[in-house]
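Written out below as structure tokens is the structure these notes cover.
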Amino acid sequence: MMDIIEAISGFVWGPPTLILIVGTGLYLTFRLGFLQFRTLPYALKLAFSPAKQDKKSKGDISHYEALTTAMAATIGTGNIVGVATAVVLGGPGAVFWMWISALFGMATKYSEAILAVKYRVENSKGQMSGGPMYYLEKGLNAKWLGIIFAIFGSIAAFGIGNMVQSNSVSDALQGTFNVPTWVTGIVLTILVGLVILGGIKSIGRITAFFVPIMALFYIIGGLIIMVMNIDLIPGVVGLIFEDAFTGSAIGGGILGTVIRYGVARGVFSNEAGLGSAPIAAAAAKTDYPGRQALVSMTQVFIDTIIVCSITGITIVMADMYQGGLDGGDLTAASFAAFLGDAGGYIVTFGIILFAFSTLVGWSYYGEKCFAYLFNDKAIPIYRVVFVLAVLYGSMEKLDIVWGISDIMNALMAVPNLIGLLGLSGVVVYETKKFLKVAKEEKEQAKAEQG
């Protein structure tokens, strides 16, 4: 059974899907005039400046809360486990291709969010619902594609967004502190239940507080290693760039292997193109789709260019990736090589915090997919089943769940990317409209100051 799942996973994450994902990012980047590079400082200011938060427009949560909800879902085990796997299977050069997929993925993430806000709807409780399901139905007039996306998204939420994450936490705690898996399962189940039963407003409040602390904890640990070993950085970066174009460090010099694992794990980490994050973006209070889209775009930058880079550079610097270790064990050993036991604890707690945040973020994605398929009355049932799955995932071996989750993620991406390409004209129109407004706001602010 596992062999069949792995074969299907290898096929759906093969060159056609990766070319479609990166190709869509490239196409949107050119159509938007390299917007992600031109507007990144402004986008970061929109995301993190309290004065820039829209409190009056329609929506359930602020720009910042929508961003942290999406970041909660994406800054997960992929940043620790996925990066390590990419370096083991693809060599140091895979880190470079993760960067490339992220830089173009920013345009993809921006486009997903702009469409999610434009085509969102208000449900019976006055809450916003949006995402690929809605822009496929209302924008592309292809409800059948929206249904397909929602089915794959619902299944993925229980796999990569739930059981895989709770299993990572229980494994980490058992391996480091010898905590029984059932104890971890019960505690996680209660904590996740308390958060998600309150809906998106509760999730937004928790992630707004929790995500920055969680990310900074891991980033600071990595930066300490880099500062302590600053003399090694030029050589490591040089190796990453060299191997990116030669594939000489691994795989018998097969360059395609380096690119494949770099791009695949980059997408796995930041989810650009999968269609998950725009579900959170649709809940934001915002006056223009373009404003929230710029905020959403920064998530890819933070997730991959910052957090994944810290993991990747530390692993390459420790030079243990050909010694038989993989995943979280390799990352922990690499951190420990520079910081001793403290390094291992940083990675262990990183896995715990990242996985918990992913559980919370993905619970909302799955809920919205489920509601699209069965209506809002089904949400309480979904939440109860989701919480119970946390407990199950904590105590069971999940090789098959990992494999199925990987397949579902790839299958989610296909209808979403079709929607992005088909509605790229709408993205360009909304972008021009907002950039004109942003320019006028900037001129007005200058006039008031002058």
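Residues are referred to by chain and number: the chain letter is A, B, ... according to the order shown in the structure tokens, the number counts from 1 in that chain, and ligands are numbered separately from 1 in the order shown.
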Quiz prompt | Near-stretch 287-298 of chain A list (9 Å; only C-alpha atoms; drop same-chain fewer than 5 positions) as a VMD selection string | solution = chain A and resid 36 39 to 40 42 to 48 54 56 to 58 63 to 64 66 to 67 70 105 to 118 277 to 278 281 to 282 303 427 430 to 435 438
Return as CSV the residues of stretch 118-187 of chain A lying at most 10 Å from stretch 410-426 of chain A, together with the closest atom-to-atom pair for each and the distance in Å to one decimal, counting only C-alpha atoms, with rows in chain order and ascending residue number.
```
residue,atom,partner,partner_atom,distance
A:Lys118,CA,A:Val426,CA,9.4
A:Gly131,CA,A:Asn416,CA,9.2
A:Pro132,CA,A:Asn416,CA,5.8
A:Met133,CA,A:Asn416,CA,8.4
A:Tyr135,CA,A:Gly419,CA,7.2
A:Leu136,CA,A:Gly419,CA,5.7
A:Glu137,CA,A:Gly419,CA,9.4
A:Gly139,CA,A:Leu423,CA,7.0
A:Leu140,CA,A:Gly419,CA,6.6
A:Asn141,CA,A:Gly419,CA,9.8
A:Ala142,CA,A:Gly419,CA,8.9
A:Trp144,CA,A:Pro415,CA,9.6
A:Leu145,CA,A:Pro415,CA,5.9
A:Gly146,CA,A:Pro415,CA,7.5
A:Ile147,CA,A:Pro415,CA,9.6
A:Ile148,CA,A:Pro415,CA,7.5
A:Phe149,CA,A:Met412,CA,5.3
A:Ala150,CA,A:Met412,CA,8.0
A:Ile151,CA,A:Met412,CA,8.6
A:Phe152,CA,A:Met412,CA,5.6
A:Gly153,CA,A:Met412,CA,6.2
A:Ser154,CA,A:Met412,CA,9.8
A:Ile155,CA,A:Met412,CA,9.9
A:Ala156,CA,A:Met412,CA,8.5
```
Keeping only N, CA and C atoms, write the selected residues to a file as a PDB file, in the first residue's frame.
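So the final result, stored in again_13.pdb, reads:
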```pdb
ATOM      1  N   LYS A 118     -11.825  39.622  -3.340  1.00  0.00           N
ATOM      2  CA  LYS A 118     -12.762  40.135  -4.351  1.00  0.00           C
ATOM      3  C   LYS A 118     -14.027  39.274  -4.450  1.00  0.00           C
ATOM      4  N   GLY A 131     -11.875  32.115  -0.810  1.00  0.00           N
ATOM      5  CA  GLY A 131     -10.805  31.194  -1.163  1.00  0.00           C
ATOM      6  C   GLY A 131     -11.018  30.665  -2.561  1.00  0.00           C
ATOM      7  N   PRO A 132     -10.204  29.714  -2.997  1.00  0.00           N
ATOM      8  CA  PRO A 132     -10.301  29.195  -4.359  1.00  0.00           C
ATOM      9  C   PRO A 132     -11.692  28.687  -4.730  1.00  0.00           C
ATOM     10  N   MET A 133     -12.409  28.081  -3.758  1.00  0.00           N
ATOM     11  CA  MET A 133     -13.747  27.553  -4.066  1.00  0.00           C
ATOM     12  C   MET A 133     -14.623  28.651  -4.655  1.00  0.00           C
ATOM     13  N   TYR A 135     -13.598  31.843  -5.858  1.00  0.00           N
ATOM     14  CA  TYR A 135     -13.209  32.518  -7.103  1.00  0.00           C
ATOM     15  C   TYR A 135     -13.250  31.585  -8.310  1.00  0.00           C
ATOM     16  N   LEU A 136     -13.188  30.280  -8.079  1.00  0.00           N
ATOM     17  CA  LEU A 136     -13.397  29.343  -9.181  1.00  0.00           C
ATOM     18  C   LEU A 136     -14.868  29.350  -9.609  1.00  0.00           C
ATOM     19  N   GLU A 137     -15.763  29.416  -8.612  1.00  0.00           N
ATOM     20  CA  GLU A 137     -17.202  29.415  -8.916  1.00  0.00           C
ATOM     21  C   GLU A 137     -17.670  30.756  -9.485  1.00  0.00           C
ATOM     22  N   GLY A 139     -15.772  33.691 -10.195  1.00  0.00           N
ATOM     23  CA  GLY A 139     -14.923  34.388 -11.158  1.00  0.00           C
ATOM     24  C   GLY A 139     -14.744  33.615 -12.439  1.00  0.00           C
ATOM     25  N   LEU A 140     -14.445  32.330 -12.312  1.00  0.00           N
ATOM     26  CA  LEU A 140     -14.172  31.500 -13.489  1.00  0.00           C
ATOM     27  C   LEU A 140     -15.408  30.766 -13.985  1.00  0.00           C
ATOM     28  N   ASN A 141     -16.513  30.864 -13.219  1.00  0.00           N
ATOM     29  CA  ASN A 141     -17.761  30.178 -13.568  1.00  0.00           C
ATOM     30  C   ASN A 141     -17.542  28.663 -13.690  1.00  0.00           C
ATOM     31  N   ALA A 142     -16.751  28.118 -12.757  1.00  0.00           N
ATOM     32  CA  ALA A 142     -16.443  26.681 -12.781  1.00  0.00           C
ATOM     33  C   ALA A 142     -16.636  26.107 -11.379  1.00  0.00           C
ATOM     34  N   TRP A 144     -17.626  23.302 -10.473  1.00  0.00           N
ATOM     35  CA  TRP A 144     -17.129  21.925 -10.347  1.00  0.00           C
ATOM     36  C   TRP A 144     -15.664  21.907  -9.905  1.00  0.00           C
ATOM     37  N   LEU A 145     -14.888  22.879 -10.368  1.00  0.00           N
ATOM     38  CA  LEU A 145     -13.499  22.982  -9.928  1.00  0.00           C
ATOM     39  C   LEU A 145     -13.427  23.413  -8.461  1.00  0.00           C
ATOM     40  N   GLY A 146     -14.351  24.292  -8.067  1.00  0.00           N
ATOM     41  CA  GLY A 146     -14.428  24.711  -6.670  1.00  0.00           C
ATOM     42  C   GLY A 146     -14.744  23.540  -5.754  1.00  0.00           C
ATOM     43  N   ILE A 147     -15.642  22.678  -6.194  1.00  0.00           N
ATOM     44  CA  ILE A 147     -16.000  21.485  -5.407  1.00  0.00           C
ATOM     45  C   ILE A 147     -14.803  20.547  -5.287  1.00  0.00           C
ATOM     46  N   ILE A 148     -14.088  20.355  -6.394  1.00  0.00           N
ATOM     47  CA  ILE A 148     -12.901  19.491  -6.380  1.00  0.00           C
ATOM     48  C   ILE A 148     -11.867  20.035  -5.401  1.00  0.00           C
ATOM     49  N   PHE A 149     -11.625  21.347  -5.467  1.00  0.00           N
ATOM     50  CA  PHE A 149     -10.660  21.953  -4.550  1.00  0.00           C
ATOM     51  C   PHE A 149     -11.089  21.730  -3.099  1.00  0.00           C
ATOM     52  N   ALA A 150     -12.370  21.967  -2.809  1.00  0.00           N
ATOM     53  CA  ALA A 150     -12.874  21.845  -1.439  1.00  0.00           C
ATOM     54  C   ALA A 150     -12.759  20.409  -0.914  1.00  0.00           C
ATOM     55  N   ILE A 151     -12.965  19.433  -1.777  1.00  0.00           N
ATOM     56  CA  ILE A 151     -12.828  18.021  -1.365  1.00  0.00           C
ATOM     57  C   ILE A 151     -11.379  17.730  -0.982  1.00  0.00           C
ATOM     58  N   PHE A 152     -10.461  18.109  -1.863  1.00  0.00           N
ATOM     59  CA  PHE A 152      -9.042  17.860  -1.583  1.00  0.00           C
ATOM     60  C   PHE A 152      -8.579  18.650  -0.356  1.00  0.00           C
ATOM     61  N   GLY A 153      -9.072  19.886  -0.221  1.00  0.00           N
ATOM     62  CA  GLY A 153      -8.703  20.725   0.926  1.00  0.00           C
ATOM     63  C   GLY A 153      -9.204  20.153   2.241  1.00  0.00           C
ATOM     64  N   SER A 154     -10.421  19.611   2.227  1.00  0.00           N
ATOM     65  CA  SER A 154     -10.987  18.998   3.441  1.00  0.00           C
ATOM     66  C   SER A 154     -10.164  17.801   3.895  1.00  0.00           C
ATOM     67  N   ILE A 155      -9.765  16.967   2.935  1.00  0.00           N
ATOM     68  CA  ILE A 155      -8.972  15.771   3.266  1.00  0.00           C
ATOM     69  C   ILE A 155      -7.585  16.183   3.757  1.00  0.00           C
ATOM     70  N   ALA A 156      -6.970  17.153   3.047  1.00  0.00           N
ATOM     71  CA  ALA A 156      -5.623  17.619   3.424  1.00  0.00           C
ATOM     72  C   ALA A 156      -5.607  18.197   4.833  1.00  0.00           C
TER      73      ALA A 156
END
```
Any chance you could tabulate, as JSON lines, the residues of stretch 28-125 of chain A at most 12 Å from stretch 348-354 of chain A with each one's nearest atom pair and distance in Å to one decimal, using only C-alpha atoms, in chain and rising number order?
```
{"residue": "A:Met71", "atom": "CA", "partner": "A:Phe354", "partner_atom": "CA", "distance": 9.7}
{"residue": "A:Ala72", "atom": "CA", "partner": "A:Phe354", "partner_atom": "CA", "distance": 7.3}
{"residue": "A:Ala73", "atom": "CA", "partner": "A:Phe354", "partner_atom": "CA", "distance": 8.4}
{"residue": "A:Thr74", "atom": "CA", "partner": "A:Phe354", "partner_atom": "CA", "distance": 8.6}
{"residue": "A:Ile75", "atom": "CA", "partner": "A:Phe354", "partner_atom": "CA", "distance": 5.9}
{"residue": "A:Gly76", "atom": "CA", "partner": "A:Phe354", "partner_atom": "CA", "distance": 4.3}
{"residue": "A:Thr77", "atom": "CA", "partner": "A:Ile351", "partner_atom": "CA", "distance": 5.9}
{"residue": "A:Gly78", "atom": "CA", "partner": "A:Phe354", "partner_atom": "CA", "distance": 9.0}
{"residue": "A:Asn79", "atom": "CA", "partner": "A:Phe354", "partner_atom": "CA", "distance": 8.5}
{"residue": "A:Ile80", "atom": "CA", "partner": "A:Ile351", "partner_atom": "CA", "distance": 7.1}
{"residue": "A:Val81", "atom": "CA", "partner": "A:Ile351", "partner_atom": "CA", "distance": 8.5}
{"residue": "A:Gly82", "atom": "CA", "partner": "A:Ile351", "partner_atom": "CA", "distance": 11.4}
```
Taking 3 positions as the minimum chain separation for residues in the same chain, which residues sit within 8 Å of A:Ala215 when counting only C-alpha atoms? Answer as a short mmCIF file (atom, residue, chain, number, x, y, z; two decimals) with N, CA, C and O atoms, in the first residue's frame.
```cif
data_model
loop_
_atom_site.label_atom_id
_atom_site.label_comp_id
_atom_site.auth_asym_id
_atom_site.auth_seq_id
_atom_site.Cartn_x
_atom_site.Cartn_y
_atom_site.Cartn_z
N ILE A 75 4.07 28.19 8.70
CA ILE A 75 5.30 27.99 9.47
C ILE A 75 5.08 26.76 10.34
O ILE A 75 4.61 26.82 11.46
N VAL A 211 2.18 33.48 17.05
CA VAL A 211 3.06 33.29 15.89
C VAL A 211 4.34 34.12 15.95
O VAL A 211 5.43 33.58 15.71
N PRO A 212 4.29 35.42 16.27
CA PRO A 212 5.54 36.19 16.33
C PRO A 212 6.52 35.64 17.38
O PRO A 212 7.73 35.56 17.13
N TYR A 218 12.70 30.72 17.20
CA TYR A 218 13.49 29.88 16.30
C TYR A 218 14.50 30.71 15.51
O TYR A 218 15.67 30.32 15.35
N ILE A 219 14.07 31.88 15.02
CA ILE A 219 14.95 32.75 14.24
C ILE A 219 16.15 33.21 15.06
O ILE A 219 17.29 33.18 14.58
N VAL A 307 12.72 32.04 7.61
CA VAL A 307 12.73 30.88 8.51
C VAL A 307 13.38 29.66 7.87
O VAL A 307 14.25 29.02 8.47
#
```
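Non-sequential neighbours of stretch 340-345 of chain A (distance at most 9 Å, separation of 4 or more positions within a chain, only C-alpha atoms) are Thr176, Gly221, Gly222, Asp329, Thr331, Ala332, Ala333, Ser334, Phe335, Ala336, Phe349 and Gly350 of chain A.
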I want to know what sits within 10 Å of A:Asp171, based on only C-alpha atoms, with residues of the same chain fewer than 5 positions away left out; could you give that as a PyMOL selection string?
chain A and resi 165-166+176-181+184+348+351-352+394-395+397
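With atom CA of A:Lys285 on one side and atom CA of A:Glu65 on the other, the separation reads 9.7 Å.
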- Message: Give me, as a PyMOL selection string, all polymer residues having an atom no more than 8 Å from A:Val88, counting only C-alpha atoms and skipping those fewer than 2 positions away in the same chain.
- Response: chain A and resi 84-86+90-91+321-322+326
Selection from above, all heavy atoms, as an mmCIF file, in the first residue's frame, can you write it?
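Everything below was put into out.cif:
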```
data_model
loop_
_atom_site.group_PDB
_atom_site.id
_atom_site.type_symbol
_atom_site.label_atom_id
_atom_site.label_comp_id
_atom_site.auth_asym_id
_atom_site.auth_seq_id
_atom_site.Cartn_x
_atom_site.Cartn_y
_atom_site.Cartn_z
ATOM 1 N N ALA A 84 15.208 20.000 5.877
ATOM 2 C CA ALA A 84 16.232 18.968 6.090
ATOM 3 C C ALA A 84 16.135 17.882 5.024
ATOM 4 O O ALA A 84 17.157 17.446 4.452
ATOM 5 C CB ALA A 84 16.071 18.363 7.483
ATOM 6 N N THR A 85 14.924 17.444 4.718
ATOM 7 C CA THR A 85 14.719 16.423 3.688
ATOM 8 C C THR A 85 15.185 16.920 2.329
ATOM 9 O O THR A 85 15.793 16.174 1.556
ATOM 10 C CB THR A 85 13.226 16.030 3.628
ATOM 11 O OG1 THR A 85 12.816 15.564 4.907
ATOM 12 C CG2 THR A 85 12.985 14.940 2.601
ATOM 13 N N ALA A 86 14.912 18.188 2.023
ATOM 14 C CA ALA A 86 15.335 18.771 0.745
ATOM 15 C C ALA A 86 16.845 18.743 0.599
ATOM 16 O O ALA A 86 17.381 18.424 -0.468
ATOM 17 C CB ALA A 86 14.820 20.206 0.628
ATOM 18 N N GLY A 90 18.345 16.503 -2.100
ATOM 19 C CA GLY A 90 18.724 17.353 -3.231
ATOM 20 C C GLY A 90 20.054 18.050 -3.083
ATOM 21 O O GLY A 90 20.522 18.696 -4.025
ATOM 22 N N GLY A 91 20.681 17.956 -1.897
ATOM 23 C CA GLY A 91 21.958 18.620 -1.693
ATOM 24 C C GLY A 91 21.791 20.073 -1.276
ATOM 25 O O GLY A 91 20.675 20.610 -1.263
ATOM 26 N N TYR A 321 24.610 16.366 6.601
ATOM 27 C CA TYR A 321 23.453 15.921 5.811
ATOM 28 C C TYR A 321 23.722 14.660 4.985
ATOM 29 O O TYR A 321 22.804 14.122 4.376
ATOM 30 C CB TYR A 321 22.965 17.051 4.881
ATOM 31 C CG TYR A 321 24.045 17.672 4.024
ATOM 32 C CD1 TYR A 321 24.359 17.156 2.774
ATOM 33 C CD2 TYR A 321 24.741 18.795 4.466
ATOM 34 C CE1 TYR A 321 25.343 17.728 1.993
ATOM 35 C CE2 TYR A 321 25.731 19.375 3.697
ATOM 36 C CZ TYR A 321 26.026 18.838 2.459
ATOM 37 O OH TYR A 321 27.009 19.410 1.686
ATOM 38 N N GLN A 322 24.969 14.163 4.973
ATOM 39 C CA GLN A 322 25.256 12.908 4.271
ATOM 40 C C GLN A 322 25.609 11.798 5.256
ATOM 41 O O GLN A 322 26.146 10.764 4.878
ATOM 42 C CB GLN A 322 26.399 13.118 3.272
ATOM 43 C CG GLN A 322 25.985 13.974 2.073
ATOM 44 C CD GLN A 322 27.130 14.196 1.096
ATOM 45 O OE1 GLN A 322 28.188 14.664 1.477
ATOM 46 N NE2 GLN A 322 26.893 13.867 -0.163
ATOM 47 N N ASP A 326 18.074 12.474 8.923
ATOM 48 C CA ASP A 326 17.111 13.156 8.047
ATOM 49 C C ASP A 326 16.067 13.845 8.910
ATOM 50 O O ASP A 326 15.944 13.596 10.113
ATOM 51 C CB ASP A 326 16.446 12.147 7.110
ATOM 52 C CG ASP A 326 15.712 12.814 5.940
ATOM 53 O OD1 ASP A 326 15.763 14.060 5.832
ATOM 54 O OD2 ASP A 326 15.080 12.087 5.149
#
```
May I ask which of the residues A:Leu188, A:Val263, A:Ile203, A:Cys369 is the closest one to A:Ile100, counting only C-alpha atoms?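 Between A:Leu188, A:Val263, A:Ile203, A:Cys369, the residue approaching A:Ile100 most closely is A:Val263.
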- Write down as a PyMOL selection string the residues of stretch 297-341 of chain A whose backbone DSSP state falls under helix (DSSP H, G or I). chain A and resi 297-318+327-339+341
Selection export as a CSV table (one decimal), in the first residue's frame, atoms kept: N, CA and C atoms:
```csv
chain,number,residue,atom,x,y,z
A,297,MET,N,1.2,38.5,0.8
A,297,MET,CA,2.4,38.2,0.1
A,297,MET,C,3.6,38.1,1.0
A,298,THR,N,3.6,38.9,2.1
A,298,THR,CA,4.8,38.9,3.0
A,298,THR,C,5.0,37.6,3.7
A,299,GLN,N,3.9,36.8,3.7
A,299,GLN,CA,4.0,35.5,4.5
A,299,GLN,C,5.0,34.6,3.8
A,300,VAL,N,5.1,34.6,2.5
A,300,VAL,CA,6.0,33.7,1.8
A,300,VAL,C,7.4,34.2,2.1
A,301,PHE,N,7.7,35.5,2.1
A,301,PHE,CA,9.0,36.0,2.4
A,301,PHE,C,9.4,35.6,3.8
A,302,ILE,N,8.6,35.8,4.8
A,302,ILE,CA,8.9,35.4,6.1
A,302,ILE,C,9.1,33.9,6.3
A,303,ASP,N,8.2,33.1,5.7
A,303,ASP,CA,8.3,31.7,5.9
A,303,ASP,C,9.5,31.1,5.2
A,304,THR,N,9.8,31.4,4.0
A,304,THR,CA,10.8,30.7,3.2
A,304,THR,C,12.2,31.5,3.2
A,305,ILE,N,12.1,32.8,2.9
A,305,ILE,CA,13.4,33.5,2.8
A,305,ILE,C,14.0,33.7,4.1
A,306,ILE,N,13.2,33.8,5.2
A,306,ILE,CA,13.8,34.0,6.5
A,306,ILE,C,13.9,32.7,7.3
A,307,VAL,N,12.7,32.0,7.6
A,307,VAL,CA,12.7,30.9,8.5
A,307,VAL,C,13.4,29.7,7.9
A,308,CYS,N,13.0,29.3,6.6
A,308,CYS,CA,13.6,28.1,6.0
A,308,CYS,C,15.1,28.3,5.7
A,309,SER,N,15.5,29.6,5.4
A,309,SER,CA,16.9,29.9,5.2
A,309,SER,C,17.7,29.6,6.4
A,310,ILE,N,17.2,29.9,7.6
A,310,ILE,CA,17.9,29.6,8.8
A,310,ILE,C,18.2,28.1,9.0
A,311,THR,N,17.1,27.4,8.8
A,311,THR,CA,17.3,25.9,8.8
A,311,THR,C,18.3,25.4,7.8
A,312,GLY,N,18.1,25.8,6.6
A,312,GLY,CA,18.9,25.3,5.5
A,312,GLY,C,20.4,25.7,5.7
A,313,ILE,N,20.7,26.9,6.0
A,313,ILE,CA,22.1,27.4,6.1
A,313,ILE,C,22.7,26.7,7.3
A,314,THR,N,22.0,26.5,8.4
A,314,THR,CA,22.5,25.8,9.6
A,314,THR,C,22.9,24.3,9.3
A,315,ILE,N,22.0,23.7,8.5
A,315,ILE,CA,22.2,22.3,8.2
A,315,ILE,C,23.5,22.1,7.3
A,316,VAL,N,23.6,23.0,6.3
A,316,VAL,CA,24.7,23.0,5.3
A,316,VAL,C,26.0,23.3,6.1
A,317,MET,N,25.9,24.3,7.0
A,317,MET,CA,27.1,24.7,7.8
A,317,MET,C,27.6,23.6,8.7
A,318,ALA,N,26.6,22.8,9.3
A,318,ALA,CA,27.0,21.7,10.2
A,318,ALA,C,27.6,20.5,9.4
A,327,GLY,N,15.3,14.7,8.3
A,327,GLY,CA,14.2,15.4,8.9
A,327,GLY,C,14.5,16.1,10.2
A,328,GLY,N,13.7,16.1,11.2
A,328,GLY,CA,13.9,16.8,12.4
A,328,GLY,C,15.1,16.4,13.2
A,329,ASP,N,15.5,15.1,13.0
A,329,ASP,CA,16.7,14.6,13.7
A,329,ASP,C,18.0,15.3,13.1
A,330,LEU,N,18.0,15.5,11.8
A,330,LEU,CA,19.1,16.2,11.2
A,330,LEU,C,19.2,17.7,11.6
A,331,THR,N,18.1,18.3,11.6
A,331,THR,CA,18.0,19.7,12.0
A,331,THR,C,18.5,19.9,13.5
A,332,ALA,N,17.9,19.0,14.4
A,332,ALA,CA,18.3,19.1,15.8
A,332,ALA,C,19.8,18.8,16.0
A,333,ALA,N,20.3,17.8,15.2
A,333,ALA,CA,21.8,17.5,15.4
A,333,ALA,C,22.6,18.7,14.8
A,334,SER,N,22.2,19.4,13.8
A,334,SER,CA,22.9,20.5,13.2
A,334,SER,C,22.9,21.7,14.2
A,335,PHE,N,21.8,22.0,14.8
A,335,PHE,CA,21.7,23.0,15.8
A,335,PHE,C,22.6,22.7,17.0
A,336,ALA,N,22.5,21.4,17.4
A,336,ALA,CA,23.3,20.9,18.6
A,336,ALA,C,24.8,21.0,18.4
A,337,ALA,N,25.2,20.8,17.1
A,337,ALA,CA,26.6,20.9,16.8
A,337,ALA,C,27.2,22.2,17.1
A,338,PHE,N,26.4,23.2,17.1
A,338,PHE,CA,26.9,24.6,17.4
A,338,PHE,C,26.5,25.1,18.8
A,339,LEU,N,25.4,24.6,19.3
A,339,LEU,CA,24.9,25.1,20.6
A,339,LEU,C,24.7,24.1,21.7
A,341,ASP,N,23.3,20.9,23.8
A,341,ASP,CA,22.0,20.5,24.1
A,341,ASP,C,20.9,21.6,23.9
```
- Message: Give me the residues near A:Val195 as a ChimeraX atom specification, where near means some atom within 12 Å (using only C-alpha atoms) and where sequence neighbours in that chain fewer than 3 positions away do not count.
- Response: /A:188-192,198-207,210,356-357,359-361,363-364,383,387
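Distance check against A:Leu373 using only C-alpha atoms: of A:Glu440, A:Tyr392, A:Phe209, A:Tyr134, the minimum falls on A:Tyr134.
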